[in-house]
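Have a look at input.cif below; it lists mmCIF, C-alpha atoms.
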data_query
#
loop_
_atom_site.label_atom_id
_atom_site.label_comp_id
_atom_site.auth_asym_id
_atom_site.auth_seq_id
_atom_site.Cartn_x
_atom_site.Cartn_y
_atom_site.Cartn_z
CA MET A 309 36.47 37.61 20.57
CA ASN A 310 32.89 38.67 20.16
CA ILE A 311 32.73 37.44 16.58
CA SER A 312 34.29 34.09 17.37
CA PHE A 313 31.79 33.58 20.18
CA LYS A 314 28.95 34.38 17.81
CA THR A 315 30.31 31.97 15.21
CA LEU A 316 30.63 29.29 17.85
CA LEU A 317 27.09 29.88 19.01
CA VAL A 318 25.75 29.68 15.47
CA ALA A 319 27.76 26.54 14.82
CA GLN A 320 26.49 24.99 18.03
CA LEU A 321 22.91 25.89 17.25
CA PHE A 322 23.31 24.46 13.78
CA CYS A 323 24.79 21.26 15.18
CA SER A 324 22.05 20.82 17.73
CA PHE A 325 19.47 21.41 15.00
CA ILE A 326 21.07 18.72 12.83
CA PHE A 327 21.22 16.26 15.69
CA ALA A 328 17.70 17.06 16.77
CA SER A 329 16.37 16.37 13.29
CA THR A 330 18.34 13.22 12.57
CA GLY A 331 18.70 11.85 16.06
CA TYR A 332 14.97 11.35 16.44
CA ALA A 333 14.65 7.73 15.40
CA GLN A 334 11.24 6.51 14.34
CA THR A 335 10.23 2.91 13.81
CA VAL A 336 9.65 2.30 10.12
CA GLY A 337 8.92 -1.41 10.22
CA ILE A 338 8.96 -4.59 12.26
CA VAL A 339 10.61 -7.97 11.69
CA LYS A 340 7.68 -10.33 11.21
CA THR A 341 9.21 -13.51 9.82
CA LEU A 342 12.61 -14.97 10.52
CA SER A 343 14.51 -18.16 9.86
CA GLY A 344 18.21 -18.91 10.39
CA ASN A 345 20.67 -16.13 11.16
CA VAL A 346 20.13 -12.53 10.22
CA GLN A 347 22.26 -9.62 11.35
CA ILE A 348 21.46 -5.98 11.55
CA MET A 349 24.09 -3.27 11.22
CA ARG A 350 23.07 -0.10 12.99
CA ALA A 351 25.29 2.81 14.03
CA GLY A 352 28.45 0.76 13.61
CA ALA A 353 27.24 -2.19 15.72
CA THR A 354 26.13 -5.61 14.45
CA VAL A 355 23.46 -7.55 16.32
CA ASN A 356 21.40 -10.65 15.61
CA VAL A 357 17.84 -10.01 14.53
CA VAL A 358 15.01 -11.46 16.59
CA LEU A 359 11.32 -11.65 15.74
CA GLY A 360 9.50 -8.43 16.55
CA ASP A 361 12.59 -6.24 16.23
CA LYS A 362 11.84 -2.66 15.33
CA LEU A 363 13.63 -1.29 12.30
CA PHE A 364 14.76 2.25 11.65
CA LYS A 365 15.87 4.31 8.70
CA ALA A 366 19.45 3.54 7.59
CA ASP A 367 19.37 0.01 9.05
CA LYS A 368 21.40 -2.52 7.06
CA LEU A 369 20.40 -6.18 7.14
CA GLN A 370 22.38 -9.25 6.14
CA THR A 371 21.00 -12.78 5.94
CA GLU A 372 23.27 -15.82 6.14
CA SER A 373 22.92 -18.92 3.96
CA ASN A 374 19.69 -20.87 4.62
CA SER A 375 18.29 -17.78 6.32
CA SER A 376 15.54 -15.32 5.51
CA VAL A 377 13.77 -12.35 7.01
CA GLY A 378 10.44 -10.61 6.44
CA ILE A 379 9.58 -7.02 7.28
CA LEU A 380 6.23 -5.31 7.62
CA PHE A 381 6.54 -1.55 7.13
CA ASN A 382 4.24 1.03 8.73
CA ASP A 383 2.27 1.51 5.50
CA ASP A 384 1.76 -2.29 5.10
CA THR A 385 4.51 -2.61 2.47
CA ARG A 386 5.97 -6.10 2.91
CA VAL A 387 9.51 -7.17 2.12
CA GLY A 388 10.97 -10.66 2.13
CA ALA A 389 14.71 -11.31 1.83
CA GLY A 390 16.21 -14.66 0.87
CA PRO A 391 19.56 -16.19 1.91
CA ASN A 392 22.89 -14.33 1.50
CA THR A 393 21.12 -11.08 1.02
CA ALA A 394 22.39 -7.65 1.99
CA PHE A 395 19.93 -4.79 1.88
CA SER A 396 19.29 -1.51 3.63
CA ILE A 397 16.46 0.91 4.30
CA GLU A 398 17.88 4.04 2.66
CA SER A 399 14.88 6.17 3.39
CA TYR A 400 11.35 5.76 4.63
CA HIS A 401 8.57 8.20 5.29
CA PHE A 402 4.88 7.48 5.73
CA ASP A 403 2.37 10.07 6.89
CA ILE A 404 -0.61 8.29 8.43
CA LYS A 405 -2.98 11.23 7.93
CA SER A 406 -2.32 11.79 4.24
CA GLN A 407 -1.34 8.13 3.62
CA GLN A 408 1.51 9.47 1.50
CA GLY A 409 5.26 9.21 1.61
CA GLN A 410 8.16 7.42 -0.01
CA ALA A 411 10.61 4.61 0.59
CA ASP A 412 13.98 3.62 -0.83
CA ILE A 413 15.43 0.18 -0.28
CA SER A 414 18.77 -0.79 -1.69
CA ILE A 415 20.02 -4.31 -2.25
CA THR A 416 23.67 -5.11 -2.89
CA ASN A 417 23.43 -8.88 -2.97
CA GLY A 418 20.88 -11.69 -2.87
CA THR A 419 17.14 -11.84 -3.42
CA LEU A 420 14.34 -9.55 -2.35
CA ALA A 421 10.57 -9.77 -2.79
CA LEU A 422 8.32 -6.79 -2.18
CA VAL A 423 4.56 -6.34 -2.00
CA GLY A 424 3.40 -2.74 -2.01
CA GLY A 425 1.23 -1.25 0.72
CA LYS A 426 -0.47 2.11 1.08
CA LEU A 427 2.52 4.01 -0.30
CA THR A 428 2.31 2.35 -3.72
CA ALA A 429 -1.48 2.38 -3.65
CA ASN A 430 -1.40 6.18 -3.52
CA ASN A 431 1.66 6.83 -5.66
CA LEU A 432 3.12 4.31 -8.08
CA ASP A 433 6.59 5.86 -7.78
CA ALA A 434 6.66 6.03 -3.98
CA VAL A 435 8.60 2.82 -3.34
CA LYS A 436 11.90 2.25 -5.07
CA VAL A 437 14.37 -0.62 -4.93
CA HIS A 438 17.93 0.28 -5.83
CA THR A 439 20.31 -2.38 -7.12
CA PRO A 440 24.01 -1.83 -7.93
CA THR A 441 23.08 -1.24 -11.56
CA SER A 442 19.54 0.09 -11.60
CA THR A 443 16.58 1.58 -9.77
CA LEU A 444 13.24 -0.19 -9.85
CA ALA A 445 9.96 1.44 -8.93
CA ALA A 446 7.43 -0.87 -7.35
CA THR A 447 4.75 0.18 -9.84
CA CYS A 448 3.39 -3.32 -10.14
CA SER A 449 2.64 -3.60 -6.41
CA THR A 450 4.73 -6.76 -6.36
CA LEU A 451 8.39 -6.84 -7.23
CA SER A 452 11.21 -9.33 -6.96
CA VAL A 453 14.89 -8.63 -7.38
CA LYS A 454 17.92 -10.85 -7.63
CA VAL A 455 21.45 -9.44 -7.45
CA ASP A 456 24.19 -11.92 -8.32
CA PRO A 457 27.69 -11.18 -7.04
CA ILE A 458 29.18 -11.77 -10.49
CA PHE A 459 27.22 -8.84 -11.95
CA LYS A 460 28.67 -6.46 -9.40
CA GLU A 461 32.15 -6.98 -10.80
CA VAL A 462 31.18 -6.13 -14.35
CA PRO A 463 32.30 -2.51 -14.87
CA MET B 615 -29.42 20.35 -86.80
CA MET B 616 -31.86 19.57 -83.98
CA LEU B 617 -30.00 16.36 -83.26
CA LYS B 618 -26.70 18.17 -83.12
CA LYS B 619 -28.05 20.62 -80.53
CA GLN B 620 -29.43 17.80 -78.46
CA PHE B 621 -26.10 16.07 -78.65
CA GLN B 622 -24.35 19.27 -77.57
CA ILE B 623 -26.62 19.66 -74.53
CA LEU B 624 -26.11 16.04 -73.65
CA THR B 625 -22.34 16.42 -73.86
CA VAL B 626 -22.39 19.51 -71.64
CA LEU B 627 -24.61 17.69 -69.15
CA LEU B 628 -22.38 14.68 -69.21
CA ILE B 629 -19.26 16.76 -68.64
CA THR B 630 -20.83 18.68 -65.74
CA GLN B 631 -22.02 15.43 -64.25
CA LEU B 632 -18.57 13.98 -64.62
CA ILE B 633 -16.92 16.99 -63.03
CA SER B 634 -19.39 17.21 -60.17
CA GLY B 635 -19.20 13.48 -59.77
CA CYS B 636 -15.48 13.62 -59.61
CA SER B 637 -15.35 16.52 -57.23
CA GLY B 638 -18.10 14.92 -55.15
CA TYR B 639 -16.14 11.73 -54.97
CA SER B 640 -12.88 13.41 -53.99
CA SER B 641 -14.43 15.25 -51.02
CA ALA B 642 -16.09 12.15 -49.59
CA VAL B 643 -13.71 9.58 -48.29
CA ASN B 644 -16.11 6.72 -48.51
CA SER B 645 -19.29 7.35 -50.50
CA LEU B 646 -20.35 3.73 -50.64
CA GLY B 647 -19.64 2.39 -47.14
CA PRO B 648 -20.97 3.58 -43.79
CA GLU B 649 -21.13 7.32 -43.00
CA THR B 650 -18.15 7.24 -40.61
CA PRO B 651 -15.78 4.36 -41.11
CA THR B 652 -14.78 2.86 -37.78
CA SER B 653 -12.47 0.08 -36.78
CA GLU B 654 -13.94 -2.83 -34.91
CA MET B 655 -11.18 -2.36 -32.32
CA ARG B 656 -12.02 1.31 -31.73
CA ALA B 657 -13.89 0.74 -28.46
CA GLN B 658 -11.05 -1.38 -27.20
CA ILE B 659 -8.38 1.14 -28.17
CA GLU B 660 -10.19 4.17 -26.84
CA ALA B 661 -11.37 2.55 -23.60
CA PRO B 662 -9.77 4.06 -20.48
CA VAL B 663 -6.94 1.97 -19.12
CA ASP B 664 -7.91 0.37 -15.85
CA VAL B 665 -5.12 0.88 -13.33
CA ALA B 666 -7.10 -0.26 -10.31
CA GLU B 667 -5.23 -1.49 -7.26
CA GLY B 668 -2.04 0.23 -8.30
CA GLN B 669 -1.49 -2.15 -11.19
CA SER B 670 0.26 -0.67 -14.16
CA PRO B 671 -0.85 -2.01 -17.55
CA PHE B 672 2.80 -2.71 -18.28
CA CYS B 673 3.23 -5.15 -15.43
CA VAL B 674 4.77 -8.35 -16.59
CA LYS B 675 3.16 -11.50 -15.33
CA PRO B 676 5.87 -13.94 -14.25
CA VAL B 677 5.84 -16.92 -16.57
CA GLU B 678 7.28 -19.26 -14.00
CA ALA B 679 8.62 -18.80 -10.51
CA ASP B 680 12.37 -18.59 -10.21
CA PRO B 681 13.38 -21.23 -7.66
CA GLU B 682 16.04 -18.85 -6.35
CA MET B 683 13.31 -16.34 -5.48
CA GLU B 684 11.31 -18.82 -3.43
CA PRO B 685 12.95 -18.20 -0.02
CA ALA B 686 12.44 -14.45 -0.40
CA MET B 687 8.80 -14.95 -1.41
CA ALA B 688 8.27 -17.33 1.50
CA ALA B 689 9.78 -14.79 3.90
CA LEU B 690 7.16 -12.15 2.98
CA PRO B 691 5.11 -11.45 6.11
CA PRO B 692 1.38 -12.17 5.81
CA GLU B 693 -0.83 -9.25 4.82
CA PRO B 694 -2.25 -7.30 7.78
CA TYR B 695 -5.75 -8.47 8.62
CA ARG B 696 -8.49 -6.03 9.53
CA ALA B 697 -11.80 -6.85 11.13
CA ARG B 698 -14.77 -4.97 12.52
CA LEU B 699 -16.78 -6.39 15.34
CA TYR B 700 -20.22 -4.89 16.02
CA PHE B 701 -21.98 -4.47 19.34
CA ILE B 702 -25.51 -4.45 20.69
CA PHE B 703 -26.73 -0.94 21.63
CA ASP B 704 -25.24 0.48 24.86
CA THR B 705 -23.50 -2.77 25.68
CA SER B 706 -20.16 -4.41 25.18
CA GLN B 707 -21.93 -7.54 23.89
CA PHE B 708 -21.13 -8.76 20.36
CA THR B 709 -23.81 -9.14 17.74
CA ALA B 710 -24.24 -12.75 16.59
CA GLU B 711 -22.19 -12.22 13.40
CA SER B 712 -19.38 -10.67 15.39
CA GLU B 713 -19.08 -13.75 17.58
CA VAL B 714 -18.10 -15.63 14.43
CA ALA B 715 -15.79 -12.82 13.23
CA ALA B 716 -13.98 -12.88 16.59
CA LYS B 717 -13.01 -16.49 15.93
CA GLN B 718 -11.53 -15.45 12.55
CA VAL B 719 -9.45 -12.72 14.23
CA PHE B 720 -8.16 -15.28 16.69
CA ASP B 721 -7.15 -17.65 13.86
CA GLU B 722 -5.36 -14.82 12.03
CA ILE B 723 -3.30 -13.97 15.11
CA LYS B 724 -2.44 -17.63 15.63
CA SER B 725 -1.28 -18.07 12.00
CA ARG B 726 1.49 -15.47 12.38
CA GLN B 727 5.03 -15.94 13.62
CA ILE B 728 4.71 -12.77 15.63
CA ALA B 729 1.56 -10.70 15.72
CA GLU B 730 0.31 -7.47 17.17
CA ALA B 731 -3.39 -6.81 17.57
CA ILE B 732 -4.41 -3.16 17.66
CA VAL B 733 -7.93 -3.00 19.07
CA ILE B 734 -9.78 0.31 18.80
CA GLY B 735 -13.27 0.79 20.23
CA HIS B 736 -15.91 3.17 18.80
CA THR B 737 -19.49 4.16 19.62
CA ASP B 738 -22.39 5.87 17.85
CA THR B 739 -23.33 9.45 18.75
CA MET B 740 -26.08 8.50 21.23
CA GLY B 741 -25.12 9.68 24.71
CA SER B 742 -22.52 12.14 25.96
CA GLU B 743 -19.01 12.26 24.55
CA GLN B 744 -17.55 11.39 27.91
CA TYR B 745 -19.87 8.42 28.41
CA ASN B 746 -19.04 7.15 24.92
CA ILE B 747 -15.29 7.27 25.52
CA GLY B 748 -15.86 4.98 28.49
CA LEU B 749 -18.17 2.73 26.46
CA SER B 750 -15.69 2.48 23.57
CA GLU B 751 -12.94 1.57 26.03
CA ARG B 752 -15.17 -1.13 27.55
CA ARG B 753 -15.81 -2.51 24.06
CA ALA B 754 -12.10 -2.63 23.23
CA GLU B 755 -11.49 -4.26 26.60
CA ARG B 756 -14.25 -6.81 25.87
CA VAL B 757 -12.39 -7.81 22.67
CA ARG B 758 -9.08 -7.95 24.54
CA GLN B 759 -10.56 -10.26 27.15
CA GLU B 760 -12.08 -12.45 24.45
CA LEU B 761 -8.69 -12.80 22.72
CA ILE B 762 -6.91 -13.53 26.00
CA ARG B 763 -9.58 -16.11 26.86
CA ARG B 764 -8.79 -17.84 23.56
CA GLY B 765 -5.10 -17.97 24.42
CA ILE B 766 -3.61 -14.82 22.86
CA PRO B 767 -0.81 -13.38 25.03
CA GLU B 768 -1.78 -10.10 26.70
CA ASN B 769 1.37 -8.24 25.72
CA ILE B 770 0.63 -8.26 21.98
CA ILE B 771 -2.75 -6.57 22.33
CA ILE B 772 -3.00 -2.77 22.33
CA THR B 773 -6.41 -1.27 23.15
CA LYS B 774 -7.79 2.23 22.72
CA GLY B 775 -11.21 3.88 22.99
CA MET B 776 -12.08 6.62 20.49
CA GLY B 777 -15.63 7.31 21.74
CA GLU B 778 -17.76 8.95 19.04
CA SER B 779 -14.86 10.83 17.46
CA GLU B 780 -14.34 8.54 14.44
CA LEU B 781 -17.72 7.60 13.01
CA LEU B 782 -17.91 5.02 10.27
CA VAL B 783 -21.31 6.32 9.15
CA ASP B 784 -21.47 10.09 9.54
CA THR B 785 -24.52 11.07 11.59
CA ALA B 786 -25.73 14.02 13.63
CA ASP B 787 -25.32 13.93 17.40
CA GLU B 788 -27.65 11.67 19.42
CA VAL B 789 -28.26 9.22 16.59
CA VAL B 790 -28.40 5.47 17.08
CA GLU B 791 -26.37 3.85 14.29
CA GLU B 792 -25.42 0.20 14.60
CA LYS B 793 -22.54 0.51 12.10
CA ASN B 794 -20.81 2.99 14.42
CA ARG B 795 -20.97 0.68 17.43
CA ARG B 796 -17.86 -1.24 16.58
CA VAL B 797 -14.38 -2.34 17.48
CA GLU B 798 -11.78 -2.24 14.72
CA ILE B 799 -9.02 -4.78 14.96
CA ASP B 800 -5.80 -4.55 13.02
CA VAL B 801 -3.82 -7.78 13.14
CA ARG B 802 -0.26 -7.15 11.97
#
Show me the file's structure as structure tokens.
Amino acid sequence: MNISFKTLLVAQLFCSFIFASTGYAQTVGIVKTLSGNVQIMRAGATVNVVLGDKLFKADKLQTESNSSVGILFNDDTRVGAGPNTAFSIESYHFDIKSQQGQADISITNGTLALVGGKLTANNLDAVKVHTPTSTLAATCSTLSVKVDPIFKEVP
Amino acid sequence: MMLKKQFQILTVLLITQLISGCSGYSSAVNSLGPETPTSEMRAQIEAPVDVAEGQSPFCVKPVEADPEMEPAMAALPPEPYRARLYFIFDTSQFTAESEVAAKQVFDEIKSRQIAEAIVIGHTDTMGSEQYNIGLSERRAERVRQELIRRGIPENIIITKGMGESELLVDTADEVVEEKNRRVEIDVR
């Protein structure tokens, strides 16, 4: 009885700790350019993107045909996504004081252009773009990626 | 007899010369050319690689733009624009140059689909800390009013007064420094 209560308490504390650390959502970037229809998938819900929308870690974005979206991240990293593009912000951390951090963006389809900000200025490996087949570091301060659907099916 | 001896000495001399010559030659890599042979490209090869602005020397320059990439490139938001506006001592009046710079800030905001303007006021160290916080707030407010007057919507402007806490030019207290009397504007 006593032990099970203790275990429960520990489990509860652990849970609350986990939720406290992940539940605190921080804006990582803002939608600055938009044309056509772009959806955002967040916590199981899909909503249409509007200009000025705040973006958070783990957000997934999908542009329709003839659509595009541009994001300005907190560190001034800029990302542009072309039509039929699916990408997500896997991770993002930028410490204003030290001007350091890291970002991971993954693209599963479409086209993505990236211009590095303070993160890449301070660490060439800080910003990475993951495609289904490879990981690219934005060492050249500008980067563009194209993922064709046909390449995804190649084993 | 005498001739034979002379010949002998000459032969010995010749042999020693030959040997020393040979050994001398083998230890020096290049006895005829310059003291230390150097390649013309040495300076170029040994020069430190310039990786300014985060550019790796291995960056590939795109030969031609891929037309499929164009929409993504076009969707890139414009680079944030930063400006500093300077003020006349103990006032919230712009210096003449800053009047012109204010117009540029306005144009930058107008050129964006959606903009935010973060306006932060600062002072020099002349006067009390408390007074300077008020003065820096008045300066930020002056910029806000100027932008609103030119047609920028109020809700995209954020103002803040830092007083003398973030000096641009580090000075002792109670020092008049025109470079510190400024408002920094970040247009994003």
*So how far away is CA of His736 (chain B) from CA of Ser779 (chain B), in Å?*
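One can read the CA of Ser779 (chain B) to CA of His736 (chain B) distance as 7.8 Å.
Nearest residue to Ala411 (chain A) among A:Leu427, A:Ala366, A:Leu359, A:Val377 is A:Leu427, counting all atoms listed in the file.
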_For the PyMOL selection byres ((chain B and resi 764) around 12), applied here, can you spell out every residue it catches as a list in words?_
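Listing what the PyMOL selection byres ((chain B and resi 764) around 12) selects in the shown file: Ala716, Lys717, Gln718, Val719, Phe720, Asp721, Ile723, Lys724, Val757, Arg758, Gln759, Glu760, Leu761, Ile762, Arg763, Gly765, Ile766, Pro767 and Glu768 of chain B.
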*For Arg796 (chain B), list every protein, DNA or RNA residue within 9 Å, evaluated using only C-alpha atoms, and leave out those in the same chain fewer than 6 positions away; present the list as a list of chain:residue names.*
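Listed by chain and then number, they are B:Arg698, B:Leu699, B:Tyr700, B:Phe701, B:Ile734, B:Gly735, B:His736, B:Thr737, B:Asp738, B:Ser750, B:Arg753, B:Ala754, B:Leu782.
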*asked:* When you count all atoms listed in the file, which of these residues is closest to chain B: A:Asn430, A:Gln370, A:Gln334, A:Ser396?
replied: A:Asn430
Hey, which bits of chain A sit within 9 Å of chain B, and for each residue what's the closest pair of atoms and how far apart in Å (one decimal), counting only C-alpha atoms, rows by chain and increasing number, as a tab-separated table?
residue	atom	partner	partner_atom	distance
A:Val339	CA	B:Ile728	CA	8.6
A:Lys340	CA	B:Pro691	CA	5.8
A:Thr341	CA	B:Pro691	CA	5.9
A:Leu342	CA	B:Ala689	CA	7.2
A:Ser343	CA	B:Ala689	CA	8.3
A:Leu359	CA	B:Ile728	CA	6.7
A:Gly360	CA	B:Ile728	CA	6.5
A:Asn374	CA	B:Pro685	CA	8.6
A:Ser375	CA	B:Pro685	CA	8.3
A:Ser376	CA	B:Ala689	CA	6.0
A:Val377	CA	B:Ala689	CA	5.6
A:Gly378	CA	B:Ala689	CA	4.9
A:Ile379	CA	B:Pro691	CA	6.4
A:Leu380	CA	B:Pro691	CA	6.4
A:Asp384	CA	B:Pro694	CA	7.0
A:Thr385	CA	B:Glu693	CA	8.8
A:Arg386	CA	B:Leu690	CA	6.2
A:Val387	CA	B:Leu690	CA	5.6
A:Gly388	CA	B:Leu690	CA	4.2
A:Ala389	CA	B:Ala686	CA	4.5
A:Gly390	CA	B:Ala686	CA	4.0
A:Pro391	CA	B:Pro685	CA	7.2
A:Thr419	CA	B:Ala686	CA	6.2
A:Leu420	CA	B:Ala686	CA	5.6
A:Ala421	CA	B:Ala686	CA	5.6
A:Leu422	CA	B:Leu690	CA	7.5
A:Val423	CA	B:Leu690	CA	8.1
A:Gly424	CA	B:Gly668	CA	8.8
A:Thr428	CA	B:Gly668	CA	6.7
A:Ala429	CA	B:Gly668	CA	5.2
A:Asn430	CA	B:Gly668	CA	7.7
A:Asn431	CA	B:Gly668	CA	8.0
A:Leu432	CA	B:Gly668	CA	6.6
A:Thr447	CA	B:Ser670	CA	6.3
A:Cys448	CA	B:Gln669	CA	5.1
A:Ser449	CA	B:Gly668	CA	6.3
A:Ser452	CA	B:Met683	CA	7.5
A:Val453	CA	B:Met683	CA	8.1
A:Lys454	CA	B:Met683	CA	7.5
*Using all atoms listed in the file, which residue out of B:Thr773, B:Gln620, B:Ser725, B:Thr739 lies closest to Glu791 (chain B)?*
B:Thr739
